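Q: What follows is the file data_18.pdb, containing PDB, C-alpha atoms:
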```pdb
MODEL        1
ATOM      1  CA  MET A   1     -53.668 167.487 -10.715
ATOM      2  CA  THR A   2     -55.794 166.763  -7.696
ATOM      3  CA  CYS A   3     -59.281 165.309  -7.622
ATOM      4  CA  VAL A   4     -60.650 168.614  -6.352
ATOM      5  CA  HIS A   5     -59.185 170.465  -9.356
ATOM      6  CA  VAL A   6     -60.692 167.988 -11.821
ATOM      7  CA  PHE A   7     -64.068 168.219 -10.095
ATOM      8  CA  SER A   8     -63.994 172.023 -10.293
ATOM      9  CA  VAL A   9     -63.350 171.997 -14.038
ATOM     10  CA  VAL A  10     -66.087 169.449 -14.665
ATOM     11  CA  THR A  11     -68.534 171.408 -12.508
ATOM     12  CA  VAL A  12     -67.865 174.666 -14.379
ATOM     13  CA  ALA A  13     -68.338 172.928 -17.734
ATOM     14  CA  ASP A  14     -71.548 171.297 -16.513
ATOM     15  CA  ILE A  15     -72.951 174.618 -15.290
ATOM     16  CA  TRP A  16     -72.071 176.285 -18.617
ATOM     17  CA  SER A  17     -73.799 173.436 -20.476
ATOM     18  CA  LEU A  18     -76.912 173.801 -18.316
ATOM     19  CA  GLY A  19     -76.994 177.500 -19.203
ATOM     20  CA  VAL A  20     -76.878 176.638 -22.905
ATOM     21  CA  ILE A  21     -79.679 174.092 -22.470
ATOM     22  CA  LEU A  22     -81.785 176.621 -20.523
ATOM     23  CA  TYR A  23     -81.222 179.188 -23.274
ATOM     24  CA  MET A  24     -82.370 176.678 -25.900
ATOM     25  CA  LEU A  25     -85.486 175.755 -23.919
ATOM     26  CA  VAL A  26     -86.468 179.387 -23.340
ATOM     27  CA  CYS A  27     -85.504 180.839 -26.722
ATOM     28  CA  GLY A  28     -86.140 177.893 -29.034
ATOM     29  CA  GLN A  29     -82.700 178.139 -30.632
ATOM     30  CA  ALA A  30     -79.058 177.667 -29.724
ATOM     31  CA  PRO A  31     -77.242 180.720 -28.345
ATOM     32  CA  PHE A  32     -74.309 180.263 -30.706
ATOM     33  CA  GLN A  33     -75.335 179.696 -34.344
ATOM     34  CA  GLU A  34     -73.019 181.128 -36.951
ATOM     35  CA  ALA A  35     -72.331 180.466 -40.632
ATOM     36  CA  ASN A  36     -69.510 178.013 -39.918
ATOM     37  CA  ASP A  37     -67.792 176.182 -37.065
ATOM     38  CA  SER A  38     -64.950 178.693 -36.827
ATOM     39  CA  GLU A  39     -67.320 181.628 -36.314
ATOM     40  CA  THR A  40     -69.392 179.610 -33.834
ATOM     41  CA  LEU A  41     -66.276 178.781 -31.811
ATOM     42  CA  THR A  42     -65.288 182.455 -31.762
ATOM     43  CA  MET A  43     -68.742 183.398 -30.433
ATOM     44  CA  ILE A  44     -68.484 180.722 -27.718
ATOM     45  CA  VAL A  45     -64.984 181.744 -26.626
ATOM     46  CA  ASP A  46     -65.962 185.442 -26.579
ATOM     47  CA  CYS A  47     -69.306 184.569 -24.919
ATOM     48  CA  ARG A  48     -71.197 186.732 -27.427
ATOM     49  CA  TYR A  49     -74.893 186.019 -27.733
ATOM     50  CA  THR A  50     -78.163 187.906 -27.520
ATOM     51  CA  VAL A  51     -81.352 187.058 -25.697
ATOM     52  CA  PRO A  52     -84.575 187.675 -27.660
ATOM     53  CA  ASP A  53     -86.844 190.495 -26.494
ATOM     54  CA  HIS A  54     -89.703 188.134 -25.618
ATOM     55  CA  VAL A  55     -87.683 186.677 -22.723
ATOM     56  CA  SER A  56     -88.578 188.303 -19.399
ATOM     57  CA  ALA A  57     -85.961 190.266 -17.472
ATOM     58  CA  THR A  58     -86.005 187.686 -14.674
ATOM     59  CA  CYS A  59     -85.377 184.850 -17.094
ATOM     60  CA  GLN A  60     -82.629 186.836 -18.844
ATOM     61  CA  GLU A  61     -80.832 187.202 -15.495
ATOM     62  CA  LEU A  62     -81.063 183.446 -14.974
ATOM     63  CA  VAL A  63     -79.686 182.711 -18.441
ATOM     64  CA  LEU A  64     -76.863 185.221 -18.119
TER      65      LEU A  64
ENDMDL
END
```
How would this structure read if it were set down as structure tokens?

A:
Amino acid sequence: MTCVHVFSVVTVADIWSLGVILYMLVCGQAPFQEANDSETLTMIVDCRYTVPDHVSATCQELVL
């Protein structure tokens, strides 16, 4: 594994995390909230979430 490869993985994870934080700031809730950890993990892996209607189209594009 090269340093470049490790940096790429960390960067992708950081960008994903920033998207989750942005979602929480805009929507006031986490994008993945299910009844239990197993269901939450499934939603994360499948990238299934909805953006509330009150979020503008421009902001939805940024979050997505």

Q: Convert the output of the PyMOL selection byres ((chain A and resi 21-30) around 9) on the shown file into explicit residues, formatted as number ranges by chain.

A: A: 16-20, 31-33, 51-52, 54-55, 59-60, 62-63

Q: Using all atoms listed in the file, find the one residue out of A:Ala35, A:Leu41, A:Ala13, A:Cys47 that sits nearest to Leu64 of chain A.

A: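 Checking each of A:Ala35, A:Leu41, A:Ala13, A:Cys47 against Leu64 of chain A, counting all atoms listed in the file, the winner is A:Cys47.
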
Q: What is the atom CA of Thr11 of chain A to atom CA of Glu61 of chain A distance in Å?

A: 20.2 Å

Q: Just to confirm, what's the straight-line distance from atom CA of Glu34 of chain A to atom CA of Asp46 of chain A in Å (one decimal)?

A: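 Taking atom CA of Glu34 of chain A and atom CA of Asp46 of chain A, their separation equals 13.3 Å.
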
Q: Could you work out how far atom CA of Asp53 of chain A lies from atom CA of Asp14 of chain A, giving the answer in Å with one decimal?

A: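 These atoms are spaced 26.5 Å apart.
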